[in-house]
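Peer 1: This is the content of final24.txt (compact mmCIF, C-alpha atoms and all ligand atoms):
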# COMPACT_ATOMS: atom_id res chain seq x y z
CA MET A 1254 2.09 14.02 -11.69
CA PRO A 1255 -0.47 11.41 -10.61
CA SER A 1256 -0.74 8.40 -12.96
CA ALA A 1257 -3.78 7.93 -15.26
CA LEU A 1258 -6.86 5.87 -14.40
CA PRO A 1259 -7.46 2.49 -16.11
CA ILE A 1260 -9.82 2.36 -19.11
CA ALA A 1261 -13.01 0.35 -18.51
CA ASP A 1262 -16.81 0.63 -18.27
CA PRO A 1263 -18.34 3.82 -16.90
CA ALA A 1264 -19.73 3.44 -13.37
CA PRO A 1265 -23.37 4.43 -12.66
CA LEU A 1266 -23.97 7.72 -10.83
CA ASP A 1267 -25.84 5.94 -8.03
CA GLY A 1268 -22.83 3.61 -7.53
CA LEU A 1269 -25.07 0.52 -7.43
CA LEU A 1270 -23.23 -2.77 -7.92
CA PRO A 1271 -24.19 -5.54 -10.38
CA GLY A 1272 -25.79 -8.76 -9.09
CA GLY A 1273 -23.65 -11.59 -7.76
CA VAL A 1274 -21.22 -9.53 -5.67
CA ALA A 1275 -22.72 -10.96 -2.47
CA ASP A 1276 -21.97 -14.59 -3.44
CA ASP A 1277 -19.70 -16.16 -0.81
CA ALA A 1278 -19.26 -12.74 0.84
CA ALA A 1279 -19.32 -14.24 4.32
CA SER A 1280 -16.04 -16.02 3.47
CA ARG A 1281 -14.30 -12.73 2.66
CA ASP A 1282 -13.14 -10.02 5.06
CA PHE A 1283 -14.19 -6.42 4.50
CA GLY A 1284 -11.46 -3.77 4.74
CA VAL A 1285 -11.77 0.01 4.47
CA TYR A 1286 -9.15 2.22 2.82
CA LEU A 1287 -9.39 6.01 3.22
CA HIS A 1288 -7.27 8.02 0.82
CA VAL A 1289 -6.05 11.46 1.90
CA PRO A 1290 -4.84 13.17 -1.29
CA PHE A 1291 -2.69 15.97 0.12
CA CYS A 1292 1.06 16.52 0.41
CA ARG A 1293 3.07 19.57 1.38
CA ALA A 1294 5.39 19.02 -1.62
CA ARG A 1295 5.63 16.25 -4.19
CA CYS A 1296 8.68 13.98 -3.91
CA GLY A 1297 10.41 13.66 -7.29
CA TYR A 1298 9.81 9.89 -7.66
CA CYS A 1299 6.16 9.75 -6.57
CA ASP A 1300 3.12 9.39 -8.86
CA PHE A 1301 0.56 8.69 -6.13
CA ASN A 1302 -2.74 10.53 -6.41
CA THR A 1303 -1.80 13.46 -4.24
CA TYR A 1304 -1.91 17.26 -4.58
CA THR A 1305 -0.07 20.21 -3.11
CA ASN A 1306 -2.01 23.34 -2.10
CA GLN A 1307 -1.23 24.97 -5.48
CA GLU A 1308 -2.79 22.02 -7.34
CA LEU A 1309 -6.12 21.83 -5.53
CA ARG A 1310 -8.18 23.92 -8.02
CA GLY A 1311 -10.52 25.21 -5.35
CA ALA A 1312 -10.86 21.97 -3.35
CA ARG A 1313 -10.15 22.61 0.32
CA ARG A 1314 -8.41 20.34 2.77
CA GLN A 1315 -10.70 21.51 5.55
CA ASP A 1316 -13.77 20.20 3.68
CA TYR A 1317 -12.29 16.80 2.98
CA ALA A 1318 -13.30 14.83 6.09
CA THR A 1319 -16.98 15.73 5.55
CA GLN A 1320 -16.80 14.55 1.94
CA ALA A 1321 -15.09 11.29 2.85
CA ILE A 1322 -17.72 10.66 5.53
CA ALA A 1323 -20.44 11.23 2.91
CA GLU A 1324 -18.83 8.50 0.78
CA VAL A 1325 -18.80 6.13 3.77
CA ARG A 1326 -22.58 6.62 4.04
CA LEU A 1327 -23.04 6.11 0.30
CA ALA A 1328 -20.88 2.97 0.44
CA ASN A 1329 -23.09 1.53 3.17
CA ALA A 1330 -26.24 2.17 1.13
CA VAL A 1331 -24.67 0.53 -1.95
CA LEU A 1332 -23.52 -2.54 0.01
CA ARG A 1333 -26.95 -2.94 1.58
CA ALA A 1334 -28.68 -2.63 -1.79
CA ALA A 1335 -26.41 -5.42 -3.10
CA ASP A 1336 -27.51 -7.68 -0.21
CA LEU A 1337 -24.06 -7.95 1.25
CA PRO A 1338 -24.05 -9.32 4.80
CA GLU A 1339 -23.23 -6.87 7.57
CA ARG A 1340 -19.50 -7.19 8.13
CA PRO A 1341 -17.51 -5.04 10.55
CA ALA A 1342 -14.33 -3.55 9.11
CA ALA A 1343 -11.63 -6.21 9.57
CA THR A 1344 -8.97 -3.52 8.97
CA VAL A 1345 -8.91 0.23 8.31
CA PHE A 1346 -6.05 1.95 6.50
CA PHE A 1347 -5.55 5.69 5.96
CA GLY A 1348 -3.12 6.23 3.09
CA GLY A 1349 -2.06 9.01 0.85
CA GLY A 1350 -0.79 11.41 0.18
CA THR A 1351 -0.09 12.36 3.73
CA PRO A 1352 -3.08 11.62 6.00
CA THR A 1353 -1.35 13.30 8.94
CA LEU A 1354 -1.47 16.67 7.14
CA LEU A 1355 -5.10 16.71 8.30
CA PRO A 1356 -5.75 17.56 11.95
CA ALA A 1357 -6.10 14.46 14.17
CA SER A 1358 -9.71 15.52 14.79
CA ASP A 1359 -10.49 15.06 11.05
CA LEU A 1360 -8.89 11.61 10.97
CA ALA A 1361 -10.78 10.74 14.15
CA ALA A 1362 -14.07 11.89 12.59
CA MET A 1363 -13.47 9.76 9.48
CA LEU A 1364 -12.58 6.73 11.58
CA GLY A 1365 -15.63 7.41 13.77
CA ALA A 1366 -17.84 7.32 10.67
CA VAL A 1367 -16.42 3.90 9.72
CA ARG A 1368 -17.07 2.66 13.26
CA ASP A 1369 -20.62 4.06 13.40
CA THR A 1370 -21.48 2.69 9.96
CA TRP A 1371 -20.00 -0.81 9.91
CA GLY A 1372 -18.37 -1.31 13.28
CA ILE A 1373 -14.70 -2.23 13.59
CA ALA A 1374 -13.81 -5.84 14.44
CA ALA A 1375 -12.33 -6.42 17.89
CA GLY A 1376 -8.53 -6.19 17.75
CA ALA A 1377 -8.61 -4.84 14.18
CA GLU A 1378 -5.52 -3.19 12.74
CA VAL A 1379 -6.18 0.53 12.17
CA THR A 1380 -3.24 2.18 10.39
CA THR A 1381 -2.33 5.60 9.16
CA GLU A 1382 0.59 6.45 6.92
CA ALA A 1383 2.59 9.44 8.04
CA ASN A 1384 5.44 11.52 6.76
CA PRO A 1385 7.99 11.96 9.60
CA ASP A 1386 7.67 15.75 9.04
CA SER A 1387 3.96 15.83 9.72
CA VAL A 1388 3.45 14.44 13.25
CA ASP A 1389 4.32 15.26 16.83
CA LEU A 1390 3.59 13.49 20.12
CA GLU A 1391 0.30 15.31 20.64
CA HIS A 1392 -0.97 14.30 17.18
CA LEU A 1393 0.02 10.67 17.75
CA LEU A 1394 -1.63 10.56 21.18
CA ALA A 1395 -4.83 11.92 19.64
CA LEU A 1396 -4.71 9.24 16.93
CA ARG A 1397 -4.32 6.47 19.51
CA GLU A 1398 -7.17 7.96 21.51
CA ALA A 1399 -9.33 7.90 18.36
CA GLY A 1400 -8.70 4.17 17.86
CA PHE A 1401 -5.67 3.99 15.57
CA THR A 1402 -3.39 1.06 16.44
CA ARG A 1403 -0.52 1.47 13.99
CA VAL A 1404 1.45 4.12 12.11
CA SER A 1405 3.53 3.61 8.97
CA PHE A 1406 6.28 6.20 8.50
CA GLY A 1407 7.83 7.04 5.13
CA MET A 1408 11.47 6.87 6.23
CA GLN A 1409 12.87 5.90 2.78
CA SER A 1410 16.56 6.26 3.74
CA ALA A 1411 18.79 7.43 6.58
CA VAL A 1412 21.40 8.90 4.22
CA PRO A 1413 21.16 12.65 3.46
CA HIS A 1414 22.35 12.50 -0.19
CA VAL A 1415 19.85 9.67 -0.94
CA LEU A 1416 17.01 11.62 0.67
CA ALA A 1417 18.08 14.67 -1.36
CA THR A 1418 17.92 12.73 -4.66
CA LEU A 1419 14.46 11.50 -3.63
CA GLU A 1420 13.55 15.10 -2.76
CA ARG A 1421 12.43 14.08 0.69
CA THR A 1422 12.08 17.05 2.96
CA HIS A 1423 12.37 15.33 6.34
CA ASP A 1424 15.47 15.38 8.52
CA PRO A 1425 16.61 11.75 9.01
CA GLU A 1426 17.35 12.52 12.65
CA ARG A 1427 13.67 13.15 13.20
CA VAL A 1428 12.69 9.55 12.39
CA PRO A 1429 13.88 7.95 15.70
CA LEU A 1430 12.12 10.80 17.48
CA VAL A 1431 8.73 10.21 15.82
CA VAL A 1432 9.09 6.43 16.23
CA GLY A 1433 9.68 6.98 19.98
CA TRP A 1434 6.61 9.23 20.18
CA ALA A 1435 4.48 6.65 18.35
CA ARG A 1436 5.57 3.99 20.87
CA GLU A 1437 4.87 6.35 23.76
CA ALA A 1438 1.39 6.83 22.34
CA GLY A 1439 0.89 3.03 22.24
CA LEU A 1440 0.99 2.63 18.44
CA GLU A 1441 2.67 -0.17 16.50
CA VAL A 1442 5.26 1.11 14.04
CA SER A 1443 6.07 0.26 10.44
CA LEU A 1444 8.80 1.92 8.36
CA ASP A 1445 8.89 2.30 4.56
CA LEU A 1446 12.31 2.18 2.91
CA ILE A 1447 13.28 2.65 -0.73
CA TYR A 1448 16.38 1.04 -2.26
CA GLY A 1449 18.15 1.57 -5.57
CA THR A 1450 18.02 5.37 -5.60
CA PRO A 1451 20.56 6.71 -8.13
CA GLY A 1452 23.84 7.29 -6.30
CA GLU A 1453 22.96 4.97 -3.41
CA SER A 1454 25.82 2.54 -2.66
CA LEU A 1455 25.63 -0.82 -0.87
CA GLN A 1456 27.18 0.94 2.12
CA ASP A 1457 24.49 3.67 2.04
CA TRP A 1458 21.78 1.02 2.00
CA ALA A 1459 23.45 -0.88 4.86
CA THR A 1460 23.43 2.39 6.83
CA SER A 1461 19.70 2.84 6.20
CA LEU A 1462 18.89 -0.76 7.11
CA ASP A 1463 20.92 -0.55 10.31
CA ALA A 1464 19.27 2.75 11.23
CA ALA A 1465 15.83 1.22 10.65
CA ILE A 1466 16.68 -1.94 12.63
CA ALA A 1467 18.06 0.17 15.50
CA MET A 1468 14.57 1.68 15.90
CA ALA A 1469 13.14 -1.86 16.30
CA PRO A 1470 9.98 -1.27 14.23
CA ASP A 1471 7.32 -3.97 14.32
CA HIS A 1472 7.16 -4.08 10.54
CA LEU A 1473 9.24 -2.93 7.57
CA SER A 1474 8.54 -2.45 3.87
CA ALA A 1475 11.47 -2.12 1.45
CA TYR A 1476 10.55 -1.08 -2.09
CA ALA A 1477 12.81 -1.03 -5.14
CA LEU A 1478 12.70 2.51 -6.53
CA ILE A 1479 10.42 2.52 -9.57
CA VAL A 1480 10.92 5.30 -12.07
CA GLU A 1481 7.29 6.22 -12.78
CA VAL A 1482 6.42 7.81 -16.12
CA GLY A 1483 5.63 11.51 -15.80
CA THR A 1484 7.55 12.10 -12.57
CA LYS A 1485 10.27 14.66 -12.10
CA LEU A 1486 12.73 11.81 -11.50
CA ALA A 1487 11.87 10.28 -14.89
CA ALA A 1488 12.52 13.66 -16.57
CA GLN A 1489 15.86 14.04 -14.75
CA ILE A 1490 16.90 10.57 -15.95
CA ARG A 1491 15.76 11.33 -19.52
CA ARG A 1492 17.85 14.51 -19.54
CA GLY A 1493 20.86 12.58 -18.24
CA GLU A 1494 21.02 14.57 -14.98
CA VAL A 1495 20.46 11.48 -12.84
CA ALA A 1496 21.47 7.87 -13.58
CA MET A 1497 18.87 5.14 -14.11
CA PRO A 1498 18.68 2.72 -11.13
CA ASP A 1499 20.84 -0.32 -11.94
CA ASP A 1500 19.06 -3.72 -11.94
CA ASP A 1501 22.09 -5.72 -10.75
CA LEU A 1502 22.77 -3.29 -7.93
CA GLN A 1503 19.08 -3.37 -6.93
CA ALA A 1504 19.32 -7.18 -6.71
CA ASP A 1505 22.39 -6.90 -4.45
CA LEU A 1506 20.56 -4.35 -2.30
CA TYR A 1507 17.55 -6.66 -1.95
CA GLU A 1508 19.80 -9.55 -0.90
CA LEU A 1509 21.46 -7.34 1.69
CA ALA A 1510 18.04 -6.30 3.04
CA ASP A 1511 16.93 -9.91 3.25
CA SER A 1512 20.02 -11.09 5.14
CA ARG A 1513 20.25 -8.10 7.53
CA LEU A 1514 16.56 -8.13 8.33
CA ALA A 1515 16.54 -11.90 8.87
CA ALA A 1516 19.57 -11.61 11.18
CA ALA A 1517 17.71 -8.93 13.15
CA GLY A 1518 14.67 -11.21 13.61
CA TYR A 1519 12.41 -10.00 10.80
CA ASP A 1520 10.74 -12.61 8.56
CA TRP A 1521 9.77 -11.81 5.01
CA TYR A 1522 6.08 -12.58 4.43
CA GLU A 1523 5.63 -10.79 1.09
CA VAL A 1524 8.32 -9.92 -1.46
CA SER A 1525 8.67 -6.33 -0.13
CA ASN A 1526 7.50 -6.80 3.47
CA TRP A 1527 9.00 -8.08 6.71
CA ALA A 1528 7.51 -8.38 10.21
CA ARG A 1529 8.82 -9.23 13.65
CA SER A 1530 6.11 -11.88 14.11
CA GLU A 1531 3.12 -13.27 12.27
CA ARG A 1532 0.80 -11.11 14.36
CA LEU A 1533 2.63 -7.97 13.23
CA ARG A 1534 2.14 -8.58 9.49
CA SER A 1535 -0.04 -5.98 7.79
CA ASP A 1536 -3.53 -7.51 7.90
CA HIS A 1537 -4.85 -4.77 5.65
CA ASN A 1538 -2.40 -5.47 2.85
CA LEU A 1539 -2.94 -9.21 3.29
CA GLY A 1540 -6.61 -8.50 2.56
CA TYR A 1541 -5.61 -7.08 -0.85
CA TRP A 1542 -3.22 -9.93 -1.59
CA LEU A 1543 -5.75 -12.61 -0.63
CA GLY A 1544 -8.54 -11.11 -2.78
CA HIS A 1545 -10.87 -10.04 0.05
CA ASP A 1546 -13.38 -7.17 -0.27
CA TRP A 1547 -12.49 -3.57 0.44
CA TRP A 1548 -14.01 -0.17 -0.12
CA GLY A 1549 -11.63 2.65 -1.02
CA ILE A 1550 -12.90 6.05 0.05
CA GLY A 1551 -11.59 9.25 -1.55
CA PRO A 1552 -10.26 10.66 -4.83
CA GLY A 1553 -8.68 8.01 -7.06
CA ALA A 1554 -9.30 5.27 -4.47
CA HIS A 1555 -9.85 1.74 -5.81
CA SER A 1556 -12.40 -0.73 -4.42
CA HIS A 1557 -13.08 -4.43 -4.87
CA VAL A 1558 -16.21 -6.32 -3.87
CA GLY A 1559 -16.93 -9.86 -5.04
CA GLY A 1560 -15.02 -9.68 -8.34
CA VAL A 1561 -16.17 -6.14 -9.24
CA ARG A 1562 -13.48 -3.50 -9.13
CA TRP A 1563 -13.95 0.24 -9.48
CA TRP A 1564 -12.07 3.49 -8.94
CA ASN A 1565 -13.02 7.04 -8.12
CA VAL A 1566 -12.45 10.27 -10.04
CA LYS A 1567 -8.94 11.42 -9.31
CA HIS A 1568 -8.96 15.12 -8.62
CA PRO A 1569 -10.15 16.31 -5.17
CA ALA A 1570 -12.22 19.05 -6.88
CA ALA A 1571 -14.00 16.51 -9.14
CA TYR A 1572 -14.52 14.27 -6.13
CA ALA A 1573 -15.96 17.13 -4.08
CA ALA A 1574 -18.34 18.02 -6.94
CA ARG A 1575 -19.66 14.43 -7.22
CA ILE A 1576 -20.12 14.02 -3.47
CA THR A 1577 -21.75 17.45 -3.06
CA ALA A 1578 -24.23 16.56 -5.83
CA GLY A 1579 -25.09 13.33 -3.97
CA HIS A 1580 -23.53 11.17 -6.70
CA SER A 1581 -21.15 8.26 -6.49
CA PRO A 1582 -17.54 9.38 -7.10
CA ALA A 1583 -16.83 6.17 -9.08
CA ALA A 1584 -15.33 6.94 -12.51
CA GLY A 1585 -15.07 3.47 -14.01
CA ARG A 1586 -15.36 -0.17 -13.15
CA GLU A 1587 -14.81 -3.67 -14.41
CA THR A 1588 -16.21 -7.09 -13.61
CA LEU A 1589 -13.38 -9.58 -13.46
CA ASP A 1590 -13.94 -12.78 -15.45
CA PRO A 1591 -12.80 -16.09 -13.94
CA ALA A 1592 -9.59 -16.12 -16.05
CA THR A 1593 -8.60 -12.63 -14.85
CA ARG A 1594 -9.38 -13.55 -11.25
CA GLN A 1595 -7.16 -16.61 -11.58
CA LEU A 1596 -4.35 -14.55 -13.11
CA GLU A 1597 -4.55 -11.98 -10.33
CA ALA A 1598 -4.57 -14.68 -7.67
CA VAL A 1599 -1.32 -16.06 -9.14
CA LEU A 1600 0.14 -12.56 -9.36
CA LEU A 1601 -0.60 -11.75 -5.72
CA ARG A 1602 -0.36 -15.07 -3.91
CA THR A 1603 2.97 -16.16 -5.32
CA ARG A 1604 4.47 -13.05 -3.69
CA LEU A 1605 3.47 -14.33 -0.24
CA ARG A 1606 5.59 -16.48 2.10
CA GLU A 1607 2.60 -18.83 2.47
CA GLY A 1608 2.72 -19.24 -1.30
CA MET A 1609 0.07 -20.56 -3.61
CA PRO A 1610 -1.28 -24.13 -3.72
CA ILE A 1611 -0.19 -25.85 -6.92
CA THR A 1612 -3.69 -27.35 -7.16
CA GLY A 1613 -4.99 -23.78 -7.65
CA LEU A 1614 -3.15 -23.54 -10.98
CA VAL A 1615 -4.38 -24.47 -14.44
CA ALA A 1616 -2.67 -27.51 -16.03
CA SER A 1617 -0.22 -25.51 -18.20
CA ALA A 1618 0.95 -23.51 -15.17
CA ARG A 1619 1.50 -26.71 -13.17
CA ILE A 1620 3.81 -27.91 -15.92
CA ALA A 1621 5.78 -24.62 -15.71
CA VAL A 1622 6.51 -25.25 -12.01
CA ALA A 1623 9.09 -27.97 -12.83
CA GLY A 1624 11.08 -25.43 -14.91
CA LEU A 1625 10.85 -22.84 -12.13
CA ILE A 1626 12.24 -25.35 -9.62
CA ALA A 1627 15.08 -26.24 -12.01
CA ASP A 1628 15.91 -22.52 -12.33
CA GLU A 1629 15.87 -22.20 -8.51
CA LEU A 1630 13.08 -19.64 -8.60
CA VAL A 1631 10.66 -21.86 -6.67
CA ASP A 1632 11.55 -23.81 -3.52
CA ALA A 1633 11.74 -27.54 -4.40
CA ARG A 1634 10.84 -28.88 -0.96
CA GLU A 1635 7.78 -26.64 -0.62
CA ALA A 1636 6.70 -27.61 -4.14
CA LEU A 1637 6.83 -31.28 -3.15
CA ARG A 1638 4.47 -30.37 -0.31
CA GLY A 1639 2.16 -28.82 -2.89
CA THR A 1640 2.88 -25.07 -2.51
CA ILE A 1641 4.71 -22.55 -4.68
CA VAL A 1642 7.04 -20.55 -2.45
CA LEU A 1643 9.61 -18.28 -4.06
CA THR A 1644 13.31 -18.67 -3.33
CA LEU A 1645 15.37 -15.53 -2.72
CA ARG A 1646 16.25 -15.54 -6.44
CA GLY A 1647 12.55 -16.07 -7.21
CA ARG A 1648 11.61 -13.03 -5.14
CA LEU A 1649 14.10 -10.96 -7.10
CA LEU A 1650 12.52 -12.16 -10.34
CA ALA A 1651 8.93 -12.34 -9.07
CA ASP A 1652 7.49 -10.72 -12.22
CA ALA A 1653 9.26 -13.24 -14.47
CA VAL A 1654 7.96 -16.13 -12.32
CA VAL A 1655 4.39 -14.90 -12.71
CA ARG A 1656 4.82 -14.54 -16.49
CA ARG A 1657 5.94 -18.17 -16.74
CA LEU A 1658 2.94 -19.30 -14.67
CA VAL A 1659 0.33 -17.42 -16.67
CA GLU A 1660 1.63 -17.78 -20.24
C1 LIG A 1701 1.85 7.09 0.15
S1 LIG A 1701 3.49 6.85 0.48
C2 LIG A 1701 3.78 6.96 2.26
C3 LIG A 1701 3.36 8.01 3.19
C4 LIG A 1701 3.91 9.40 3.12
N1 LIG A 1701 3.29 10.08 2.03
C5 LIG A 1701 5.41 9.46 2.97
O1 LIG A 1701 5.86 9.41 1.84
O2 LIG A 1701 6.09 9.60 3.98
C6 LIG A 1701 3.72 5.12 0.42
C7 LIG A 1701 5.13 4.59 0.16
O3 LIG A 1701 5.26 4.23 -1.20
C8 LIG A 1701 6.63 4.18 -1.52
N2 LIG A 1701 6.80 4.73 -2.87
C9 LIG A 1701 6.16 5.78 -3.43
N3 LIG A 1701 6.56 5.97 -4.71
C10 LIG A 1701 7.50 5.00 -4.97
C11 LIG A 1701 8.32 4.67 -6.11
N4 LIG A 1701 8.25 5.38 -7.24
N5 LIG A 1701 9.16 3.61 -6.02
C12 LIG A 1701 9.24 2.89 -4.87
N6 LIG A 1701 8.50 3.16 -3.77
C13 LIG A 1701 7.65 4.21 -3.81
C14 LIG A 1701 7.37 4.97 -0.47
O4 LIG A 1701 8.19 4.11 0.29
C15 LIG A 1701 6.26 5.54 0.38
O5 LIG A 1701 6.61 5.61 1.74
S1 LIG A 1702 5.10 12.53 0.82
FE1 LIG A 1702 4.56 10.38 0.22
S2 LIG A 1702 2.67 10.54 -1.03
FE2 LIG A 1702 3.54 12.63 -0.81
S3 LIG A 1702 4.69 12.91 -2.67
FE3 LIG A 1702 6.13 12.11 -1.11
S4 LIG A 1702 6.05 9.82 -1.32
FE4 LIG A 1702 4.32 10.68 -2.48
Render the structure in this file as structure tokens.
Ligand SMILES: C[S@@+](CC[C@H](N)C(=O)[O-])C[C@H]1O[C@@H](n2cnc3c(N)ncnc32)[C@H](O)[C@@H]1O
Ligand code: SF4

Peer 2:
Amino acid sequence: MPSALPIADPAPLDGLLPGGVADDAASRDFGVYLHVPFCRARCGYCDFNTYTNQELRGARRQDYATQAIAEVRLANAVLRAADLPERPAATVFFGGGTPTLLPASDLAAMLGAVRDTWGIAAGAEVTTEANPDSVDLEHLLALREAGFTRVSFGMQSAVPHVLATLERTHDPERVPLVVGWAREAGLEVSLDLIYGTPGESLQDWATSLDAAIAMAPDHLSAYALIVEVGTKLAAQIRRGEVAMPDDDLQADLYELADSRLAAAGYDWYEVSNWARSERLRSDHNLGYWLGHDWWGIGPGAHSHVGGVRWWNVKHPAAYAARITAGHSPAAGRETLDPATRQLEAVLLRTRLREGMPITGLVASARIAVAGLIADELVDAREALRGTIVLTLRGRLLADAVVRRLVE
């Protein structure tokens, strides 16, 4: 079941933005996110805004690219009306759901609309997420031809019983195959892994890490399994059929990931992300973490421009109805006040390897830094140089660090 939308102000039907969003816009990059809200089946742990064929209530996958392209045009009109400077897309990211369930020609048409409307910066990262089940060499070649530069595969684990608990449908032996095809097509490769699945041992996780490293991806994300409210996994845990992920074990698994990935030449640059070099970090995600502007196209997609944040109606049928009527699909929005912007900057920037300048903190937070150093959550030497960088222990307790900085 997809999660609920936040509660905030209604958004106007014309989508027009309030004044002030263009202030300092030239100092911020502009990224484009395109959400593709379709999956063949829902994995038991996932609450992303995605729908199987049985859940589409009349919306049709084959109509989706046209609707998304209509939102690109609307977005351009809204940005122009707000006096934003013309900025080419610094990054483009197709996420889901499973974007590669759409034919490559649809993804190419959507990317083409972004290019025709805003332009795409030279050398920009253009990524699509993909389920290993949903691509073959021909599809990947067509994506490269269309201008994609990178593919992010949902590998999750290499161990069959872990994949079964996660209700993943792909065969783990297919992952090296699709990674090889992506390389052959000239695409950079990222792999998503999940750790802490009930029943997963340290040895299972080592097997998955080694399998991922053996494929030599350019980039890796490793996420602690979160039991999302309303998912099938949450119900299984409530009924006692599946054990709750264990916090201490998850910490051990994270430490193992950190040491194995470092030994294999991957540097952490965000709590859950590692890359083979600085160039191979995810520029698109860095745009989110650094508070740049982005427009999220599609059902349930979130956008942020100059301190105004909004999100679209969630269901593909509701989205189709809004777009077909010529209305903005935005469901709600909020204007972030300076205190909230500060809090979010702390929340996001402290998770980055580059850290957060101590001078960017309010006085009470600066005082908290001494306690965080004493508790070995923040690196003492980096703090002396004026930056908050988390230690390994700090990364494990990143949420607690943020609480101490903002309370
Ligand atoms: C939209 S999905 C990726 C693309 C594709 N749909 C797939 O699953 O292969 C993004 C990633 O979020 C992660 N993810 C989703 N739900 C999660 C959860 N409850 N806990 C931890 N990670 C999760 C998974 O690693 C997944 O690959
Ligand atoms: S394939 Fe990806 S988006 Fe779809 S349900 Fe599974 S994890 Fe979620």

Peer 1: Using all atoms listed in the file for the distances, tell me which of A:Leu1455, A:Ala1399, A:Ala1328, A:Leu1473 is nearest to ligand LIG 1701 (chain A).

Peer 2: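 Result for the nearest residue to ligand LIG 1701 (chain A): A:Leu1473.
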
Peer 1: Have a look at atom CA of Gly1349 of chain A and atom CA of Arg1534 of chain A and let me know their distance in Å, one decimal.

Peer 2: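 Atom CA of Gly1349 of chain A sits 20.0 Å away from atom CA of Arg1534 of chain A.
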
Peer 1: So which residues are near ligand LIG 1701 (chain A), meaning at most 9 Å away with all atoms listed in the file counted, given back as number ranges by chain?

Peer 2: A: 1291-1292, 1296-1303, 1348-1353, 1381-1387, 1405-1409, 1421, 1423, 1444-1448, 1474-1481, 1484, 1486

Peer 1: Counting only C-alpha atoms, find residues at most 12 Å from (-22.9, -8.1, 4.1) (file frame) and give them as a PyMOL selection string.

Peer 2: chain A and resi 1274-1283+1328-1342+1371+1546-1547+1558-1559

Peer 1: Quick one: write out the picked residues with C-alpha atoms as a PDB file, keeping the file's coordinate frame?

Peer 2:
ATOM      1  CA  VAL A1274     -21.220  -9.530  -5.670  1.00  0.00           C
ATOM      2  CA  ALA A1275     -22.720 -10.960  -2.470  1.00  0.00           C
ATOM      3  CA  ASP A1276     -21.970 -14.590  -3.440  1.00  0.00           C
ATOM      4  CA  ASP A1277     -19.700 -16.160  -0.810  1.00  0.00           C
ATOM      5  CA  ALA A1278     -19.260 -12.740   0.840  1.00  0.00           C
ATOM      6  CA  ALA A1279     -19.320 -14.240   4.320  1.00  0.00           C
ATOM      7  CA  SER A1280     -16.040 -16.020   3.470  1.00  0.00           C
ATOM      8  CA  ARG A1281     -14.300 -12.730   2.660  1.00  0.00           C
ATOM      9  CA  ASP A1282     -13.140 -10.020   5.060  1.00  0.00           C
ATOM     10  CA  PHE A1283     -14.190  -6.420   4.500  1.00  0.00           C
ATOM     11  CA  ALA A1328     -20.880   2.970   0.440  1.00  0.00           C
ATOM     12  CA  ASN A1329     -23.090   1.530   3.170  1.00  0.00           C
ATOM     13  CA  ALA A1330     -26.240   2.170   1.130  1.00  0.00           C
ATOM     14  CA  VAL A1331     -24.670   0.530  -1.950  1.00  0.00           C
ATOM     15  CA  LEU A1332     -23.520  -2.540   0.010  1.00  0.00           C
ATOM     16  CA  ARG A1333     -26.950  -2.940   1.580  1.00  0.00           C
ATOM     17  CA  ALA A1334     -28.680  -2.630  -1.790  1.00  0.00           C
ATOM     18  CA  ALA A1335     -26.410  -5.420  -3.100  1.00  0.00           C
ATOM     19  CA  ASP A1336     -27.510  -7.680  -0.210  1.00  0.00           C
ATOM     20  CA  LEU A1337     -24.060  -7.950   1.250  1.00  0.00           C
ATOM     21  CA  PRO A1338     -24.050  -9.320   4.800  1.00  0.00           C
ATOM     22  CA  GLU A1339     -23.230  -6.870   7.570  1.00  0.00           C
ATOM     23  CA  ARG A1340     -19.500  -7.190   8.130  1.00  0.00           C
ATOM     24  CA  PRO A1341     -17.510  -5.040  10.550  1.00  0.00           C
ATOM     25  CA  ALA A1342     -14.330  -3.550   9.110  1.00  0.00           C
ATOM     26  CA  TRP A1371     -20.000  -0.810   9.910  1.00  0.00           C
ATOM     27  CA  ASP A1546     -13.380  -7.170  -0.270  1.00  0.00           C
ATOM     28  CA  TRP A1547     -12.490  -3.570   0.440  1.00  0.00           C
ATOM     29  CA  VAL A1558     -16.210  -6.320  -3.870  1.00  0.00           C
ATOM     30  CA  GLY A1559     -16.930  -9.860  -5.040  1.00  0.00           C
TER      31      GLY A1559
END

Peer 1: Figure out the distance between atom CA of Trp1521 of chain A and atom CA of Gln1456 of chain A, please, to one decimal in Å.

Peer 2: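 Calculated distance between atom CA of Gln1456 of chain A and atom CA of Trp1521 of chain A is 21.8 Å.
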
Peer 1: As an exercise, work out the distance from atom CA of Glu1587 of chain A to atom CA of Glu1308 of chain A in Å and give it to one decimal place.

Peer 2: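 Those two atoms sit 29.2 Å apart.
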
Peer 1: My list of candidates is A:Arg1604, A:His1545, A:Arg1293, A:Arg1575. Which is closest to ligand LIG 1702 (chain A) when distances are computed with only C-alpha atoms and all ligand atoms?

Peer 2: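 Smallest distance to ligand LIG 1702 (chain A) is found for A:Arg1293.
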
Peer 1: Given the choices A:Leu1650, A:Leu1658, A:Val1415, A:Ile1322, which gets closest to Asp1500 of chain A if the distance is worked out from only C-alpha atoms?

Peer 2: A:Leu1650

Peer 1: Can you list, as a list of chain:residue names, every protein, DNA or RNA residue that comes within 6 Å of Ile1641 of chain A when you count all atoms listed in the file, leaving out same-chain residues fewer than 2 positions away?

Peer 2: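 Returned residues: A:Gly1608, A:Met1609, A:Ala1636.
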